[in-house]
Amino acid sequence: MAEQKGFFKDYGVNVQIKDIESKSDSKSALASGKIQGIATSVDTNVLSAASGLKRDDSFESEGN
């Protein structure tokens with residue numbers, strides 16, 4: 001929605017949104033540096049933390 005409304009462009013941010021269906025693939029892409037962030041559910045965050053994946057919560061929003 002933010003991309004469609006032009007929010008990224010308004011702030012001069014170059015964002016590419018990728019749809020990765022597999023939780024495992026998205027965690028691997030984040031851990032390897034292929035992507036810089038993910039929007040996901042609480043259960044994925046818990047499992048990622050349990051597996052030792054380091055996170056930066058600076059852009060985490062409530063309810064995600």
# chains A, B, ... in the order shown; residues from 1 in each chain; ligands from 1

$ select_by_dssp --residues "chain A" --states "helix (DSSP H, G or I)" --output "MDAnalysis selection string"
chainID A and resid 7:10 23:32 42:50 57:59

$ atom_distance --atom1 "atom CA of Val46 of chain A" --atom2 "atom CA of Val13 of chain A"
29.0 Å

$ residues_around --residues "segment 23-35 of chain A" --least-positions-apart "3" --cutoff "12 Å" --atoms "only C-alpha atoms" --output "number ranges by chain"
A: 15-20, 38-49, 51-56

$ decode --residues "segment 13-57 of chain A" --atoms "C-alpha atoms" --output "PDB file, in the first residue's frame"
ATOM      1  CA  VAL A  13      13.687   6.056  -0.568  1.00  0.00           C
ATOM      2  CA  ASN A  14      14.379   3.406  -3.197  1.00  0.00           C
ATOM      3  CA  VAL A  15      12.428   0.323  -2.106  1.00  0.00           C
ATOM      4  CA  GLN A  16      11.942  -2.922  -3.995  1.00  0.00           C
ATOM      5  CA  ILE A  17       9.201  -5.112  -2.560  1.00  0.00           C
ATOM      6  CA  LYS A  18       9.675  -8.839  -3.065  1.00  0.00           C
ATOM      7  CA  ASP A  19       7.053 -11.422  -2.235  1.00  0.00           C
ATOM      8  CA  ILE A  20       8.737 -14.475  -0.704  1.00  0.00           C
ATOM      9  CA  GLU A  21       6.146 -17.079   0.222  1.00  0.00           C
ATOM     10  CA  SER A  22       8.328 -19.472   2.193  1.00  0.00           C
ATOM     11  CA  LYS A  23       9.258 -18.476   5.744  1.00  0.00           C
ATOM     12  CA  SER A  24      12.423 -20.500   5.405  1.00  0.00           C
ATOM     13  CA  ASP A  25      13.414 -18.753   2.168  1.00  0.00           C
ATOM     14  CA  SER A  26      12.753 -15.295   3.632  1.00  0.00           C
ATOM     15  CA  LYS A  27      14.831 -16.057   6.740  1.00  0.00           C
ATOM     16  CA  SER A  28      17.671 -17.381   4.583  1.00  0.00           C
ATOM     17  CA  ALA A  29      17.558 -14.331   2.316  1.00  0.00           C
ATOM     18  CA  LEU A  30      17.678 -12.012   5.338  1.00  0.00           C
ATOM     19  CA  ALA A  31      20.501 -13.930   7.033  1.00  0.00           C
ATOM     20  CA  SER A  32      22.584 -13.960   3.831  1.00  0.00           C
ATOM     21  CA  GLY A  33      22.071 -10.256   3.148  1.00  0.00           C
ATOM     22  CA  LYS A  34      20.095 -10.773  -0.067  1.00  0.00           C
ATOM     23  CA  ILE A  35      17.291  -8.696   1.438  1.00  0.00           C
ATOM     24  CA  GLN A  36      17.485  -5.990   4.113  1.00  0.00           C
ATOM     25  CA  GLY A  37      14.227  -6.543   5.945  1.00  0.00           C
ATOM     26  CA  ILE A  38      11.064  -8.571   6.226  1.00  0.00           C
ATOM     27  CA  ALA A  39       7.510  -7.928   7.290  1.00  0.00           C
ATOM     28  CA  THR A  40       6.228 -11.059   8.925  1.00  0.00           C
ATOM     29  CA  SER A  41       4.113 -12.547  11.693  1.00  0.00           C
ATOM     30  CA  VAL A  42       4.943 -12.978  15.369  1.00  0.00           C
ATOM     31  CA  ASP A  43       5.453 -16.739  15.060  1.00  0.00           C
ATOM     32  CA  THR A  44       8.154 -16.230  12.435  1.00  0.00           C
ATOM     33  CA  ASN A  45       9.921 -13.708  14.689  1.00  0.00           C
ATOM     34  CA  VAL A  46       9.879 -16.170  17.606  1.00  0.00           C
ATOM     35  CA  LEU A  47      11.231 -19.013  15.472  1.00  0.00           C
ATOM     36  CA  SER A  48      13.898 -16.754  13.969  1.00  0.00           C
ATOM     37  CA  ALA A  49      15.065 -15.630  17.408  1.00  0.00           C
ATOM     38  CA  ALA A  50      15.146 -19.240  18.603  1.00  0.00           C
ATOM     39  CA  SER A  51      17.352 -20.178  15.646  1.00  0.00           C
ATOM     40  CA  GLY A  52      19.793 -17.360  16.438  1.00  0.00           C
ATOM     41  CA  LEU A  53      18.939 -14.987  13.587  1.00  0.00           C
ATOM     42  CA  LYS A  54      19.968 -11.490  14.647  1.00  0.00           C
ATOM     43  CA  ARG A  55      17.375  -8.761  14.120  1.00  0.00           C
ATOM     44  CA  ASP A  56      17.215  -4.999  14.123  1.00  0.00           C
ATOM     45  CA  ASP A  57      13.885  -3.970  15.643  1.00  0.00           C
TER      46      ASP A  57
END
